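Asker: Okay, so here is query-v2.pdb, and as you'll see once you scroll down, it has PDB, C-alpha atoms, pLDDT in the B column.
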```pdb
MODEL        1
ATOM      1  CA  MET A 176     129.458 125.994  58.010  1.00 70.00           C
ATOM      2  CA  ALA A 177     132.122 124.499  60.275  1.00 73.00           C
ATOM      3  CA  ILE A 178     129.544 123.986  63.019  1.00 78.00           C
ATOM      4  CA  LEU A 179     127.332 122.055  60.612  1.00 71.00           C
ATOM      5  CA  TYR A 180     130.270 119.823  59.706  1.00 70.00           C
ATOM      6  CA  PHE A 181     131.198 118.988  63.314  1.00 74.00           C
ATOM      7  CA  PHE A 182     127.650 118.396  64.539  1.00 77.00           C
ATOM      8  CA  MET A 183     126.077 116.613  61.574  1.00 79.00           C
ATOM      9  CA  ILE A 184     128.383 115.420  58.826  1.00 82.00           C
ATOM     10  CA  ARG A 185     131.405 114.200  60.785  1.00 82.00           C
ATOM     11  CA  PRO A 186     129.480 111.952  63.240  1.00 84.00           C
ATOM     12  CA  GLN A 187     127.524 110.429  60.355  1.00 87.00           C
ATOM     13  CA  THR A 188     130.645 109.565  58.355  1.00 88.00           C
ATOM     14  CA  LYS A 189     132.298 108.155  61.485  1.00 89.00           C
ATOM     15  CA  LYS A 190     129.286 105.915  62.146  1.00 90.00           C
ATOM     16  CA  GLN A 191     129.274 104.780  58.502  1.00 91.00           C
ATOM     17  CA  LYS A 192     132.970 103.825  58.669  1.00 93.00           C
ATOM     18  CA  GLU A 193     132.366 101.846  61.884  1.00 92.00           C
ATOM     19  CA  LYS A 194     129.555  99.896  60.196  1.00 91.00           C
ATOM     20  CA  GLU A 195     131.699  99.210  57.110  1.00 92.00           C
ATOM     21  CA  LYS A 196     134.472  97.885  59.374  1.00 94.00           C
ATOM     22  CA  MET A 197     131.992  95.685  61.268  1.00 91.00           C
ATOM     23  CA  LEU A 198     130.681  94.240  57.980  1.00 91.00           C
ATOM     24  CA  ALA A 199     134.218  93.616  56.705  1.00 91.00           C
ATOM     25  CA  ASP A 200     135.199  91.878  59.961  1.00 92.00           C
ATOM     26  CA  LEU A 201     132.202  89.500  60.034  1.00 92.00           C
ATOM     27  CA  LYS A 202     133.134  85.863  60.441  1.00 93.00           C
ATOM     28  CA  LYS A 203     131.400  82.540  60.815  1.00 95.00           C
ATOM     29  CA  GLY A 204     129.765  82.248  64.239  1.00 94.00           C
ATOM     30  CA  ASP A 205     129.098  85.979  64.769  1.00 94.00           C
ATOM     31  CA  LYS A 206     125.655  86.789  66.133  1.00 94.00           C
ATOM     32  CA  ILE A 207     123.905  89.565  64.210  1.00 94.00           C
ATOM     33  CA  VAL A 208     120.567  91.320  63.827  1.00 93.00           C
ATOM     34  CA  THR A 209     119.107  92.362  60.471  1.00 94.00           C
ATOM     35  CA  MET A 210     117.344  95.609  59.556  1.00 93.00           C
ATOM     36  CA  GLY A 211     114.073  93.665  59.800  1.00 93.00           C
ATOM     37  CA  GLY A 212     114.807  92.577  63.375  1.00 92.00           C
ATOM     38  CA  ILE A 213     115.782  88.959  62.649  1.00 94.00           C
ATOM     39  CA  PHE A 214     118.441  87.576  64.993  1.00 94.00           C
ATOM     40  CA  GLY A 215     120.772  84.811  63.880  1.00 94.00           C
ATOM     41  CA  THR A 216     124.283  83.438  63.582  1.00 95.00           C
ATOM     42  CA  VAL A 217     126.499  83.776  60.510  1.00 95.00           C
ATOM     43  CA  SER A 218     127.018  80.258  59.155  1.00 95.00           C
ATOM     44  CA  GLY A 219     128.742  81.080  55.874  1.00 95.00           C
ATOM     45  CA  PHE A 220     129.277  83.445  52.961  1.00 95.00           C
ATOM     46  CA  LYS A 221     128.222  83.496  49.279  1.00 93.00           C
ATOM     47  CA  ASP A 222     128.981  85.576  46.188  1.00 89.00           C
ATOM     48  CA  SER A 223     132.558  86.416  47.164  1.00 88.00           C
ATOM     49  CA  GLY A 224     131.476  87.645  50.597  1.00 84.00           C
ATOM     50  CA  ARG A 225     128.714  89.974  49.389  1.00 91.00           C
ATOM     51  CA  ALA A 226     125.986  87.739  50.837  1.00 94.00           C
ATOM     52  CA  ILE A 227     125.825  85.823  54.097  1.00 95.00           C
ATOM     53  CA  ILE A 228     124.053  82.674  55.168  1.00 96.00           C
ATOM     54  CA  LEU A 229     122.269  83.393  58.437  1.00 96.00           C
ATOM     55  CA  LYS A 230     121.288  80.490  60.681  1.00 96.00           C
ATOM     56  CA  VAL A 231     118.057  81.514  62.391  1.00 95.00           C
ATOM     57  CA  ASP A 232     116.949  78.171  63.824  1.00 93.00           C
ATOM     58  CA  LYS A 233     118.072  74.552  63.819  1.00 92.00           C
ATOM     59  CA  ASN A 234     116.679  73.898  60.325  1.00 94.00           C
ATOM     60  CA  THR A 235     116.289  77.460  59.031  1.00 96.00           C
ATOM     61  CA  ASN A 236     118.937  79.316  57.042  1.00 96.00           C
ATOM     62  CA  LEU A 237     118.475  82.628  55.232  1.00 96.00           C
ATOM     63  CA  THR A 238     120.674  84.107  52.515  1.00 96.00           C
ATOM     64  CA  LEU A 239     120.990  87.867  52.939  1.00 95.00           C
ATOM     65  CA  ASN A 240     122.869  90.700  51.337  1.00 95.00           C
ATOM     66  CA  LYS A 241     125.374  92.232  53.765  1.00 93.00           C
ATOM     67  CA  THR A 242     123.594  95.577  53.488  1.00 92.00           C
ATOM     68  CA  ALA A 243     120.610  94.039  55.344  1.00 94.00           C
ATOM     69  CA  ILE A 244     122.678  93.714  58.529  1.00 94.00           C
ATOM     70  CA  ALA A 245     121.876  96.320  61.182  1.00 92.00           C
ATOM     71  CA  GLY A 246     124.656  95.306  63.548  1.00 90.00           C
ATOM     72  CA  GLN A 247     125.970  92.719  65.915  1.00 90.00           C
ATOM     73  CA  ALA A 248     123.460  91.284  68.355  1.00 88.00           C
ATOM     74  CA  VAL A 249     124.097  92.129  71.969  1.00 79.00           C
ATOM     75  CA  LYS A 250     122.761  90.184  74.889  1.00 68.00           C
ATOM     76  CA  VAL A 251     120.269  92.171  76.938  1.00 60.00           C
ATOM     77  CA  SER A 252     120.710  91.610  80.654  1.00 58.00           C
ATOM     78  CA  ASP A 253     118.041  91.813  83.322  1.00 51.00           C
ATOM     79  CA  ILE A 254     119.610  95.032  84.598  1.00 51.00           C
ATOM     80  CA  ASP A 255     119.020  96.721  81.229  1.00 58.00           C
ATOM     81  CA  LEU A 256     115.368  95.683  81.299  1.00 56.00           C
ATOM     82  CA  GLU A 257     114.776  97.289  84.706  1.00 58.00           C
ATOM     83  CA  ASN A 258     115.860 100.740  83.505  1.00 54.00           C
TER      84      ASN A 258
ENDMDL
END
```
I need this file expressed as structure tokens, please.
Answerer:
Amino acid sequence: MAILYFFMIRPQTKKQKEKEKMLADLKKGDKIVTMGGIFGTVSGFKDSGRAIILKVDKNTNLTLNKTAIAGQAVKVSDIDLEN
């Protein structure tokens, strides 16, 4: 039972806490990616911080629930593409 905890449950709860911290620390200007693969920049918050306004393009803003965020967008370098 202890082996199951250390190999399955503990890493999952640790990952969940990291995501909750990332969502709590979001601020205007952060670049994120959604669960659907949409990249954009946080331009504001609604509903007491439960929803975000995501700027996708110059004239395109989306309102999303925070649970739709997969994580922060990272820039892929040419070196990463070669591997």
Asker: With a distance cut-off of 9 Å and all atoms listed in the file, select the neighbouring residues of Val231 (chain A), excluding the residue or stretch itself and same-chain residues fewer than 2 positions from it, and output the selection as a VMD selection string.
Answerer: chain A and resid 213 to 217 229 233 to 237
Asker: Go ahead and save the picked residues with C-alpha atoms, as a PDB file, keeping the file's coordinate frame.
Answerer:
```pdb
ATOM      1  CA  ILE A 213     115.782  88.959  62.649  1.00 94.00           C
ATOM      2  CA  PHE A 214     118.441  87.576  64.993  1.00 94.00           C
ATOM      3  CA  GLY A 215     120.772  84.811  63.880  1.00 94.00           C
ATOM      4  CA  THR A 216     124.283  83.438  63.582  1.00 95.00           C
ATOM      5  CA  VAL A 217     126.499  83.776  60.510  1.00 95.00           C
ATOM      6  CA  LEU A 229     122.269  83.393  58.437  1.00 96.00           C
ATOM      7  CA  LYS A 233     118.072  74.552  63.819  1.00 92.00           C
ATOM      8  CA  ASN A 234     116.679  73.898  60.325  1.00 94.00           C
ATOM      9  CA  THR A 235     116.289  77.460  59.031  1.00 96.00           C
ATOM     10  CA  ASN A 236     118.937  79.316  57.042  1.00 96.00           C
ATOM     11  CA  LEU A 237     118.475  82.628  55.232  1.00 96.00           C
TER      12      LEU A 237
END
```
Asker: Report the distance between CA of Thr209 (chain A) and CA of Ala243 (chain A) in Å, rounded to one decimal place.
Answerer: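 Computed distance, CA of Thr209 (chain A) to CA of Ala243 (chain A), equals 5.6 Å.
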Asker: At a cut-off of 9 Å from (120.4, 84.9, 51.6) in the coordinates of the file, what residues are picked up using all atoms listed in the file, written as JSON, numbers by chain?
Answerer: {"A": [221, 226, 227, 228, 229, 236, 237, 238, 239, 240]}
Asker: Please produce a file of those selected residues containing C-alpha atoms, as a compact mmCIF listing (two decimals), in the coordinates of the input.
Answerer:
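Saved as out_34.txt:
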```
# COMPACT_ATOMS: atom_id res chain seq x y z
CA LYS A 221 128.22 83.50 49.28
CA ALA A 226 125.99 87.74 50.84
CA ILE A 227 125.82 85.82 54.10
CA ILE A 228 124.05 82.67 55.17
CA LEU A 229 122.27 83.39 58.44
CA ASN A 236 118.94 79.32 57.04
CA LEU A 237 118.48 82.63 55.23
CA THR A 238 120.67 84.11 52.52
CA LEU A 239 120.99 87.87 52.94
CA ASN A 240 122.87 90.70 51.34
```
Asker: Skip Gln247 (chain A) itself and residues of its chain fewer than 4 positions away, then list as a list in words all residues within 6 Å of it, counting all atoms listed in the file.
Answerer: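 Result of the neighbour search: Lys206, Ile207 and Val208 of chain A.
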Asker: Nearest residue to Ile244 (chain A) out of A:Thr188, A:Lys230, A:Met210, A:Gly204, using all atoms listed in the file?
Answerer: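 Comparing A:Thr188, A:Lys230, A:Met210, A:Gly204 against Ile244 (chain A), the winner is A:Met210.
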Asker: Kindly give the distance, in Å, that separates CA of Asp222 (chain A) and CA of Glu195 (chain A), rounded to a single decimal.
Answerer: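 Separation between CA of Asp222 (chain A) and CA of Glu195 (chain A): 17.7 Å.
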Asker: Near Ala199 (chain A), within 12 Å and counting all atoms listed in the file, which residues show up once chain neighbours fewer than 2 positions away are dropped, as a PyMOL selection string?
Answerer: chain A and resi 192-197+201-202+220+224-227+241-242+244+246
Asker: At what distance in Å, to one decimal, does CA of Asp205 (chain A) lie from CA of Val249 (chain A)?
Answerer: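 Those two atoms sit 10.7 Å apart.
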Asker: From the set A:Gly219, A:Ala245, A:Leu179, A:Asp232, which residue has the shortest atom-to-atom contact distance to Lys203 (chain A), counting only C-alpha atoms?
Answerer: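 Closest to Lys203 (chain A) of all the choices is A:Gly219.
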Asker: Where atoms are missing, can you supply N, CA and C atoms for region 220-248 of chain A and output the lot as a PDB file, in the frame of the given file?
Answerer:
```
ATOM      1  N   PHE A 220     129.293  82.310  53.881  1.00 95.00           N
ATOM      2  CA  PHE A 220     129.277  83.445  52.961  1.00 95.00           C
ATOM      3  C   PHE A 220     129.057  82.951  51.540  1.00 95.00           C
ATOM      4  N   LYS A 221     128.464  83.799  50.689  1.00 93.00           N
ATOM      5  CA  LYS A 221     128.222  83.496  49.279  1.00 93.00           C
ATOM      6  C   LYS A 221     128.628  84.697  48.444  1.00 93.00           C
ATOM      7  N   ASP A 222     128.718  84.496  47.150  1.00 89.00           N
ATOM      8  CA  ASP A 222     128.981  85.576  46.188  1.00 89.00           C
ATOM      9  C   ASP A 222     130.191  86.411  46.575  1.00 89.00           C
ATOM     10  N   SER A 223     131.295  85.748  46.818  1.00 88.00           N
ATOM     11  CA  SER A 223     132.558  86.416  47.164  1.00 88.00           C
ATOM     12  C   SER A 223     132.425  87.308  48.392  1.00 88.00           C
ATOM     13  N   GLY A 224     131.613  86.900  49.355  1.00 84.00           N
ATOM     14  CA  GLY A 224     131.476  87.645  50.597  1.00 84.00           C
ATOM     15  C   GLY A 224     130.435  88.738  50.576  1.00 84.00           C
ATOM     16  N   ARG A 225     129.744  88.928  49.459  1.00 91.00           N
ATOM     17  CA  ARG A 225     128.714  89.974  49.389  1.00 91.00           C
ATOM     18  C   ARG A 225     127.417  89.553  50.067  1.00 91.00           C
ATOM     19  N   ALA A 226     127.191  88.258  50.194  1.00 94.00           N
ATOM     20  CA  ALA A 226     125.986  87.739  50.837  1.00 94.00           C
ATOM     21  C   ALA A 226     126.401  86.812  51.972  1.00 94.00           C
ATOM     22  N   ILE A 227     125.543  86.716  52.977  1.00 95.00           N
ATOM     23  CA  ILE A 227     125.825  85.823  54.097  1.00 95.00           C
ATOM     24  C   ILE A 227     124.706  84.796  54.218  1.00 95.00           C
ATOM     25  N   ILE A 228     125.047  83.680  54.826  1.00 96.00           N
ATOM     26  CA  ILE A 228     124.053  82.674  55.168  1.00 96.00           C
ATOM     27  C   ILE A 228     123.838  82.811  56.666  1.00 96.00           C
ATOM     28  N   LEU A 229     122.612  83.134  57.046  1.00 96.00           N
ATOM     29  CA  LEU A 229     122.269  83.393  58.437  1.00 96.00           C
ATOM     30  C   LEU A 229     121.480  82.220  58.989  1.00 96.00           C
ATOM     31  N   LYS A 230     121.998  81.591  60.036  1.00 96.00           N
ATOM     32  CA  LYS A 230     121.288  80.490  60.681  1.00 96.00           C
ATOM     33  C   LYS A 230     120.362  81.098  61.726  1.00 96.00           C
ATOM     34  N   VAL A 231     119.055  80.925  61.515  1.00 95.00           N
ATOM     35  CA  VAL A 231     118.057  81.514  62.391  1.00 95.00           C
ATOM     36  C   VAL A 231     117.566  80.497  63.412  1.00 95.00           C
ATOM     37  N   ASP A 232     117.435  79.252  62.977  1.00 93.00           N
ATOM     38  CA  ASP A 232     116.949  78.171  63.824  1.00 93.00           C
ATOM     39  C   ASP A 232     117.678  76.896  63.417  1.00 93.00           C
ATOM     40  N   LYS A 233     117.376  75.806  64.088  1.00 92.00           N
ATOM     41  CA  LYS A 233     118.072  74.552  63.819  1.00 92.00           C
ATOM     42  C   LYS A 233     118.000  74.159  62.347  1.00 92.00           C
ATOM     43  N   ASN A 234     116.850  74.296  61.725  1.00 94.00           N
ATOM     44  CA  ASN A 234     116.679  73.898  60.325  1.00 94.00           C
ATOM     45  C   ASN A 234     116.365  75.069  59.399  1.00 94.00           C
ATOM     46  N   THR A 235     116.641  76.287  59.829  1.00 96.00           N
ATOM     47  CA  THR A 235     116.289  77.460  59.031  1.00 96.00           C
ATOM     48  C   THR A 235     117.508  78.322  58.756  1.00 96.00           C
ATOM     49  N   ASN A 236     117.849  78.442  57.475  1.00 96.00           N
ATOM     50  CA  ASN A 236     118.937  79.316  57.042  1.00 96.00           C
ATOM     51  C   ASN A 236     118.382  80.335  56.052  1.00 96.00           C
ATOM     52  N   LEU A 237     118.863  81.568  56.152  1.00 96.00           N
ATOM     53  CA  LEU A 237     118.475  82.628  55.232  1.00 96.00           C
ATOM     54  C   LEU A 237     119.717  83.134  54.519  1.00 96.00           C
ATOM     55  N   THR A 238     119.588  83.473  53.252  1.00 96.00           N
ATOM     56  CA  THR A 238     120.674  84.107  52.515  1.00 96.00           C
ATOM     57  C   THR A 238     120.334  85.585  52.395  1.00 96.00           C
ATOM     58  N   LEU A 239     121.228  86.425  52.899  1.00 95.00           N
ATOM     59  CA  LEU A 239     120.990  87.867  52.939  1.00 95.00           C
ATOM     60  C   LEU A 239     122.145  88.627  52.324  1.00 95.00           C
ATOM     61  N   ASN A 240     121.839  89.773  51.768  1.00 95.00           N
ATOM     62  CA  ASN A 240     122.869  90.700  51.337  1.00 95.00           C
ATOM     63  C   ASN A 240     123.452  91.347  52.594  1.00 95.00           C
ATOM     64  N   LYS A 241     124.742  91.632  52.586  1.00 93.00           N
ATOM     65  CA  LYS A 241     125.374  92.232  53.765  1.00 93.00           C
ATOM     66  C   LYS A 241     124.759  93.576  54.145  1.00 93.00           C
ATOM     67  N   THR A 242     124.182  94.275  53.180  1.00 92.00           N
ATOM     68  CA  THR A 242     123.594  95.577  53.488  1.00 92.00           C
ATOM     69  C   THR A 242     122.346  95.463  54.361  1.00 92.00           C
ATOM     70  N   ALA A 243     121.787  94.247  54.504  1.00 94.00           N
ATOM     71  CA  ALA A 243     120.610  94.039  55.344  1.00 94.00           C
ATOM     72  C   ALA A 243     120.966  93.885  56.817  1.00 94.00           C
ATOM     73  N   ILE A 244     122.248  93.889  57.144  1.00 94.00           N
ATOM     74  CA  ILE A 244     122.678  93.714  58.529  1.00 94.00           C
ATOM     75  C   ILE A 244     122.647  95.055  59.245  1.00 94.00           C
ATOM     76  N   ALA A 245     121.948  95.089  60.384  1.00 92.00           N
ATOM     77  CA  ALA A 245     121.876  96.320  61.182  1.00 92.00           C
ATOM     78  C   ALA A 245     123.069  96.419  62.123  1.00 92.00           C
ATOM     79  N   GLY A 246     123.527  95.290  62.629  1.00 90.00           N
ATOM     80  CA  GLY A 246     124.656  95.306  63.548  1.00 90.00           C
ATOM     81  C   GLY A 246     124.811  93.974  64.241  1.00 90.00           C
ATOM     82  N   GLN A 247     125.762  93.936  65.150  1.00 90.00           N
ATOM     83  CA  GLN A 247     125.970  92.719  65.915  1.00 90.00           C
ATOM     84  C   GLN A 247     124.944  92.656  67.034  1.00 90.00           C
ATOM     85  N   ALA A 248     124.455  91.472  67.305  1.00 88.00           N
ATOM     86  CA  ALA A 248     123.460  91.284  68.355  1.00 88.00           C
ATOM     87  C   ALA A 248     124.155  91.326  69.706  1.00 88.00           C
TER      88      ALA A 248
END
```
